[in-house]
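Below is entry.cif, which holds mmCIF, C-alpha atoms.
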data_target
#
loop_
_atom_site.label_atom_id
_atom_site.label_comp_id
_atom_site.auth_asym_id
_atom_site.auth_seq_id
_atom_site.Cartn_x
_atom_site.Cartn_y
_atom_site.Cartn_z
CA MET A 165 0.00 0.00 0.00
CA THR A 166 1.38 3.42 -0.97
CA SER A 167 1.30 6.42 1.38
CA PHE A 168 -1.45 7.89 -0.82
CA ASP A 169 -3.58 4.76 -0.42
CA PHE A 170 -2.99 4.72 3.34
CA TRP A 171 -4.10 8.30 3.86
CA ASN A 172 -7.00 7.79 1.50
CA ILE A 173 -8.25 4.99 3.76
CA VAL A 174 -7.70 7.07 6.92
CA ARG A 175 -9.56 10.04 5.48
CA SER A 176 -12.44 7.77 4.46
CA ILE A 177 -13.30 6.96 8.08
CA PRO A 178 -15.73 9.86 8.82
CA LYS A 179 -17.87 9.34 5.72
CA SER A 180 -17.74 5.56 6.09
CA ILE A 181 -19.03 5.86 9.66
CA ARG A 182 -21.78 8.21 8.57
CA PHE A 183 -22.86 5.92 5.72
CA ASN A 184 -22.85 2.65 7.68
CA PHE A 185 -24.58 3.94 10.79
CA HIS A 186 -27.21 5.71 8.72
CA TYR A 187 -28.24 2.70 6.64
CA PHE A 188 -27.57 -0.37 8.80
CA PRO A 189 -28.40 -1.73 12.27
CA PHE A 190 -25.81 -0.99 14.93
CA LYS A 191 -24.14 -4.43 14.94
CA THR A 192 -23.90 -4.46 11.14
CA ALA A 193 -22.60 -0.88 10.99
CA LEU A 194 -19.83 -1.71 13.46
CA LYS A 195 -18.32 -4.10 10.90
CA MET A 196 -18.03 -1.20 8.41
CA PRO A 197 -19.09 -3.29 5.41
CA VAL A 198 -19.10 -0.17 3.22
CA VAL A 199 -15.99 1.99 2.90
CA VAL A 200 -16.60 5.45 1.43
CA SER A 201 -13.79 7.60 0.06
CA HIS A 202 -13.41 11.10 1.50
CA ARG A 203 -13.82 12.32 -2.09
CA THR A 204 -17.42 11.11 -2.17
CA TYR A 205 -20.16 13.73 -1.97
CA LEU A 206 -23.03 12.20 0.01
CA ARG A 207 -25.54 14.49 -1.62
CA GLU A 208 -28.65 12.56 -0.62
CA LEU A 209 -28.36 9.90 2.04
CA HIS A 210 -31.92 8.62 2.13
CA GLY A 211 -33.88 5.60 0.94
CA LYS A 212 -32.73 2.08 1.77
CA VAL A 213 -29.50 0.14 1.27
CA THR A 214 -29.41 -3.64 1.75
CA ILE A 215 -26.35 -5.89 1.89
CA PRO A 216 -25.80 -9.63 2.53
CA GLU A 217 -25.97 -10.67 6.19
CA ASP A 218 -22.43 -12.07 5.99
CA ALA A 219 -20.89 -8.96 4.42
CA GLU A 220 -17.38 -8.33 5.76
CA THR A 221 -15.50 -5.11 6.42
CA GLY A 222 -14.85 -3.28 3.17
CA SER A 223 -16.95 -5.65 1.05
CA ILE A 224 -18.32 -2.59 -0.73
CA ARG A 225 -16.05 0.29 -1.73
CA ILE A 226 -17.34 3.63 -2.97
CA GLY A 227 -15.11 6.24 -4.58
CA PHE A 228 -11.80 4.37 -4.75
CA GLY A 229 -9.88 2.82 -7.66
CA ASP A 230 -7.10 4.02 -9.93
CA VAL A 231 -7.74 4.53 -13.63
CA GLY A 232 -4.50 6.09 -14.82
CA HIS A 233 -5.86 8.61 -17.33
CA TYR A 234 -8.08 10.27 -14.69
CA ASP A 235 -6.84 12.38 -11.79
CA ARG A 236 -8.14 10.36 -8.86
CA LYS A 237 -6.87 13.00 -6.40
CA ARG A 238 -9.44 15.46 -7.79
CA SER A 239 -12.13 13.06 -8.97
CA TRP A 240 -15.33 13.24 -6.89
CA THR A 241 -17.90 10.50 -6.55
CA ILE A 242 -21.57 11.41 -5.95
CA TRP A 243 -24.10 9.38 -3.96
CA GLN A 244 -27.66 10.67 -4.43
CA VAL A 245 -30.13 8.06 -3.20
CA SER A 246 -33.76 8.40 -2.14
CA GLY A 247 -34.83 4.98 -3.47
CA GLU A 248 -33.44 1.49 -2.83
CA VAL A 249 -29.96 0.08 -3.52
CA ASP A 250 -29.55 -3.67 -3.06
CA PHE A 251 -25.97 -4.98 -2.98
CA LYS A 252 -26.00 -8.76 -3.51
CA GLY A 253 -22.34 -9.14 -2.59
CA ARG A 254 -18.99 -7.45 -3.06
CA ALA A 255 -18.93 -4.26 -5.10
CA SER A 256 -16.58 -1.47 -6.14
CA ILE A 257 -17.87 1.87 -7.41
CA GLY A 258 -14.81 3.63 -8.79
CA HIS A 259 -13.77 7.22 -8.28
CA GLY A 260 -15.70 9.95 -10.08
CA SER A 261 -18.80 7.78 -10.55
CA LYS A 262 -22.28 9.13 -9.94
CA ILE A 263 -25.06 7.04 -8.39
CA SER A 264 -28.51 8.65 -8.52
CA VAL A 265 -31.37 6.40 -7.42
CA ARG A 266 -35.01 7.18 -6.75
CA GLY A 267 -36.22 3.78 -7.98
CA ARG A 268 -34.57 0.42 -7.26
CA LEU A 269 -30.98 -0.46 -8.17
CA GLU A 270 -29.75 -4.04 -7.76
CA LEU A 271 -26.03 -4.83 -8.01
CA GLY A 272 -24.88 -8.45 -8.17
CA ASP A 273 -21.83 -9.95 -6.46
CA LYS A 274 -18.46 -8.71 -7.78
CA PHE A 275 -19.99 -5.64 -9.42
CA ASN A 276 -17.30 -3.20 -10.55
CA ILE A 277 -17.31 0.30 -12.04
CA THR A 278 -13.76 1.29 -12.90
CA ALA A 279 -14.28 5.09 -12.79
CA GLU A 280 -16.22 8.14 -13.95
CA SER A 281 -19.47 6.38 -14.90
CA THR A 282 -23.07 7.31 -14.08
CA ILE A 283 -26.15 5.34 -13.06
CA VAL A 284 -29.49 7.18 -13.03
CA CYS A 285 -32.29 4.96 -11.76
CA ALA A 286 -35.85 6.27 -11.67
CA LYS A 287 -37.63 2.91 -11.99
CA GLU A 288 -35.48 -0.24 -11.89
CA ILE A 289 -31.96 -1.24 -12.96
CA ARG A 290 -30.60 -4.74 -12.29
CA PHE A 291 -27.04 -6.02 -12.74
CA GLY A 292 -26.21 -9.71 -12.36
CA ASN A 293 -23.06 -11.16 -10.80
CA ASP A 294 -19.52 -10.40 -12.00
CA CYS A 295 -20.31 -7.34 -14.10
CA LEU A 296 -17.63 -4.88 -15.18
CA VAL A 297 -18.56 -1.32 -16.17
CA SER A 298 -15.78 0.70 -17.76
CA TRP A 299 -15.28 4.48 -17.64
CA ASP A 300 -17.58 7.16 -19.08
CA VAL A 301 -20.57 4.79 -19.19
CA LEU A 302 -24.12 6.08 -18.73
CA VAL A 303 -26.87 3.75 -17.50
CA MET A 304 -30.22 5.56 -17.35
CA ASP A 305 -33.75 4.11 -17.26
CA THR A 306 -35.51 7.45 -17.70
CA ASP A 307 -35.62 10.45 -20.02
CA GLU A 308 -35.98 12.62 -16.89
CA HIS A 309 -38.41 15.00 -18.59
CA PRO A 310 -41.86 13.72 -19.69
CA ILE A 311 -42.96 14.12 -23.30
CA TYR A 312 -46.66 14.39 -24.17
CA THR A 313 -48.77 14.23 -27.31
CA LYS A 314 -51.26 16.98 -28.15
CA GLU A 315 -53.89 14.86 -26.43
CA GLY A 316 -51.91 14.89 -23.18
CA GLU A 317 -50.73 11.27 -23.39
CA ARG A 318 -47.23 10.65 -22.11
CA ILE A 319 -45.10 8.77 -24.64
CA ASN A 320 -41.81 8.27 -22.79
CA GLU A 321 -42.50 6.30 -19.63
CA ASP A 322 -39.53 5.02 -17.61
CA ARG A 323 -38.58 1.39 -18.36
CA PRO A 324 -36.29 -1.07 -16.51
CA ILE A 325 -32.76 -1.98 -17.57
CA VAL A 326 -31.58 -5.56 -17.03
CA VAL A 327 -27.96 -6.77 -17.28
CA GLY A 328 -27.15 -10.47 -16.86
CA ASP A 329 -24.22 -12.25 -15.21
CA HIS A 330 -20.60 -11.80 -16.33
CA VAL A 331 -21.19 -8.83 -18.61
CA TRP A 332 -18.48 -6.38 -19.65
CA ILE A 333 -19.67 -2.93 -20.68
CA GLY A 334 -16.98 -1.03 -22.59
CA CYS A 335 -16.08 2.63 -22.18
CA LYS A 336 -18.41 5.40 -23.38
CA CYS A 337 -21.41 3.08 -23.75
CA MET A 338 -24.96 4.16 -23.02
CA LEU A 339 -27.59 1.79 -21.66
CA LEU A 340 -30.92 3.54 -21.99
CA LYS A 341 -34.40 2.58 -20.79
CA GLY A 342 -35.52 -0.82 -22.05
CA ALA A 343 -31.98 -2.13 -22.57
CA GLU A 344 -31.35 -5.80 -21.78
CA LEU A 345 -28.03 -7.65 -21.97
CA PRO A 346 -27.89 -11.44 -21.56
CA ASP A 347 -25.31 -13.41 -19.56
CA HIS A 348 -21.69 -13.66 -20.77
CA THR A 349 -21.90 -10.66 -23.08
CA ILE A 350 -19.48 -7.89 -24.09
CA LEU A 351 -20.88 -4.51 -25.08
CA ALA A 352 -18.34 -2.83 -27.37
CA ALA A 353 -17.08 0.67 -26.58
CA GLY A 354 -19.27 3.55 -27.68
CA THR A 355 -22.45 1.52 -28.15
CA ALA A 356 -25.84 3.05 -27.35
CA LEU A 357 -28.27 0.30 -26.35
CA ARG A 358 -31.99 0.77 -25.87
CA SER A 359 -33.40 -2.65 -26.75
CA ALA A 360 -33.24 -6.26 -25.58
CA PHE A 361 -30.75 -8.82 -26.91
CA ARG A 362 -30.86 -12.59 -26.42
CA GLY A 363 -28.20 -15.27 -26.56
CA GLU A 364 -24.89 -15.63 -24.72
CA GLU A 365 -21.13 -15.43 -25.32
CA GLN A 366 -21.28 -12.67 -27.88
CA ILE A 367 -20.02 -9.16 -28.61
CA ILE A 368 -22.68 -6.54 -29.25
CA GLY A 369 -21.70 -3.20 -30.76
CA GLY A 370 -22.28 -0.48 -33.29
CA ASN A 371 -25.02 2.10 -33.72
CA PRO A 372 -27.57 0.70 -34.19
CA PRO A 373 -26.28 -2.26 -32.16
CA SER A 374 -25.93 -5.72 -33.64
CA ILE A 375 -24.14 -8.95 -32.81
CA LEU A 376 -20.55 -8.52 -33.98
CA LYS A 377 -19.14 -11.88 -32.93
CA ARG A 378 -20.40 -15.07 -31.28
CA ASP A 379 -18.80 -17.79 -29.16
CA VAL A 380 -16.47 -15.48 -27.23
CA SER A 381 -15.52 -15.23 -23.56
CA TRP A 382 -13.77 -12.65 -21.40
CA GLU A 383 -11.87 -12.57 -18.10
CA SER A 384 -12.60 -10.17 -15.26
CA GLY A 385 -8.91 -9.56 -14.69
CA VAL A 386 -8.39 -8.03 -18.13
CA ARG A 387 -8.08 -4.23 -18.17
CA SER A 388 -11.38 -2.62 -19.24
#
This structure in structure tokens:
Amino acid sequence: MTSFDFWNIVRSIPKSIRFNFHYFPFKTALKMPVVVSHRTYLRELHGKVTIPEDAETGSIRIGFGDVGHYDRKRSWTIWQVSGEVDFKGRASIGHGSKISVRGRLELGDKFNITAESTIVCAKEIRFGNDCLVSWDVLVMDTDEHPIYTKEGERINEDRPIVVGDHVWIGCKCMLLKGAELPDHTILAAGTALRSAFRGEEQIIGGNPPSILKRDVSWESGVRS
């Protein structure tokens, strides 16, 4: 551990205490299952956060990481939650990422955002286990502003986003309302997805998206 990492952990103590004792029962909070970087802006600390009963100290990390082409010393993470966030296991939300939830967000075991990505959840977003989200990714299940016809009918209702197990989402992708990614899938960099795909072990990419290659696999340890 470098001196920078050491002091980063030390300076995370006040916000980690605030987060854990706000969301969890006393005995759970004492274990400090969630560690929150001092460079995390706890803009809205409401709603509900659930974690596994056997979660250990530091199982969930918010605002840490080290993506070399971003300045992590000046990169701020934002937590804005009035809805529900359900952590199914270990998770890492990298520095500079923004989590805004007024609906329900579910994150599977070994969920990982490398850095500088945004999740906006107004209705429901679900990630399976072992998902990797690269940098500059936007996941948003809402248009934020309603659009109406002349007759007053709304035509852009919020719709859930569903991501399966062992999915790698490349940098600068957008997952918009109605997007669905099956298990064992790679979403190529720069893809904007707003529809459902089926099948497994494939690369999806392009605009509009299509299946670029089948019968592929990827390893979580590979740089995103």
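When all atoms listed in the file are used to compute distances to Met338 (chain A), the closest of the residues A:Asp300, A:Asp230, A:Glu220, A:Glu317 turns out to be A:Asp300.
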What would the selection look like, as a PyMOL selection string, if the PyMOL selection byres ((chain A and resi 359) around 9) were run on the coordinates I just shared?
chain A and resi 339-345+357-358+360-361+373
Kindly export the residues of the current selection with C-alpha atoms, as an mmCIF file, in the frame of the given file.
data_model
loop_
_atom_site.group_PDB
_atom_site.id
_atom_site.type_symbol
_atom_site.label_atom_id
_atom_site.label_comp_id
_atom_site.auth_asym_id
_atom_site.auth_seq_id
_atom_site.Cartn_x
_atom_site.Cartn_y
_atom_site.Cartn_z
ATOM 1 C CA LEU A 339 -27.590 1.790 -21.660
ATOM 2 C CA LEU A 340 -30.920 3.540 -21.990
ATOM 3 C CA LYS A 341 -34.400 2.580 -20.790
ATOM 4 C CA GLY A 342 -35.520 -0.820 -22.050
ATOM 5 C CA ALA A 343 -31.980 -2.130 -22.570
ATOM 6 C CA GLU A 344 -31.350 -5.800 -21.780
ATOM 7 C CA LEU A 345 -28.030 -7.650 -21.970
ATOM 8 C CA LEU A 357 -28.270 0.300 -26.350
ATOM 9 C CA ARG A 358 -31.990 0.770 -25.870
ATOM 10 C CA ALA A 360 -33.240 -6.260 -25.580
ATOM 11 C CA PHE A 361 -30.750 -8.820 -26.910
ATOM 12 C CA PRO A 373 -26.280 -2.260 -32.160
#
Can you pull out the residues contacting region 210-214 of chain A? Cut-off 7 Å, using only C-alpha atoms, and skip same-chain residues under 3 positions away; I want them as a tab-separated table (two decimals) with C-alpha atoms, in the frame of the given file.
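Output contents, as saved in around_37.tsv:
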chain	number	residue	atom	x	y	z
A	187	TYR	CA	-28.24	2.70	6.64
A	245	VAL	CA	-30.13	8.06	-3.20
A	246	SER	CA	-33.76	8.40	-2.14
A	247	GLY	CA	-34.83	4.98	-3.47
A	248	GLU	CA	-33.44	1.49	-2.83
A	249	VAL	CA	-29.96	0.08	-3.52
A	250	ASP	CA	-29.55	-3.67	-3.06
A	251	PHE	CA	-25.97	-4.98	-2.98
Under the PyMOL selection byres ((chain A and resi 368) around 9), which residues of this model are included? Write them out as an MDAnalysis selection string.
chainID A and resid 349:352 355 361 366:367 369:370 373:377
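Here CA of Ile242 (chain A) and CA of Gly260 (chain A) stand 7.3 Å from one another.
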In terms of all atoms listed in the file, the residue from A:Phe291, A:Lys314, A:Arg362, A:Gly354 at minimal distance from Val331 (chain A) is A:Phe291
With a distance cut-off of 12 Å and all atoms listed in the file, select the neighbouring residues of region 225-229 of chain A, excluding the residue or stretch itself and same-chain residues fewer than 6 positions from it, and output the selection as an MDAnalysis selection string.
chainID A and resid 168:170 172:173 175:176 179:180 183:184 196:206 235:243 251 253:263 274:281 298:299
For the structure shown, which residues end up in the PyMOL selection byres ((chain A and resi 217) around 12)? Put them as a compact mmCIF listing (two decimals) with C-alpha atoms, in the frame of the given file, please?
# COMPACT_ATOMS: atom_id res chain seq x y z
CA PHE A 188 -27.57 -0.37 8.80
CA PRO A 189 -28.40 -1.73 12.27
CA LYS A 191 -24.14 -4.43 14.94
CA THR A 192 -23.90 -4.46 11.14
CA ALA A 193 -22.60 -0.88 10.99
CA LYS A 195 -18.32 -4.10 10.90
CA PRO A 197 -19.09 -3.29 5.41
CA THR A 214 -29.41 -3.64 1.75
CA ILE A 215 -26.35 -5.89 1.89
CA PRO A 216 -25.80 -9.63 2.53
CA ASP A 218 -22.43 -12.07 5.99
CA ALA A 219 -20.89 -8.96 4.42
CA GLU A 220 -17.38 -8.33 5.76
CA THR A 221 -15.50 -5.11 6.42
CA SER A 223 -16.95 -5.65 1.05
CA PHE A 251 -25.97 -4.98 -2.98
CA LYS A 252 -26.00 -8.76 -3.51
CA GLY A 253 -22.34 -9.14 -2.59
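When all atoms listed in the file are used to compute distances to Val326 (chain A), the closest of the residues A:Thr306, A:Tyr312, A:Leu269, A:Phe190 turns out to be A:Leu269.
Here CA of Leu296 (chain A) and CA of His348 (chain A) stand 11.2 Å from one another.
CA of His309 (chain A) is positioned 18.4 Å from CA of Ile289 (chain A).
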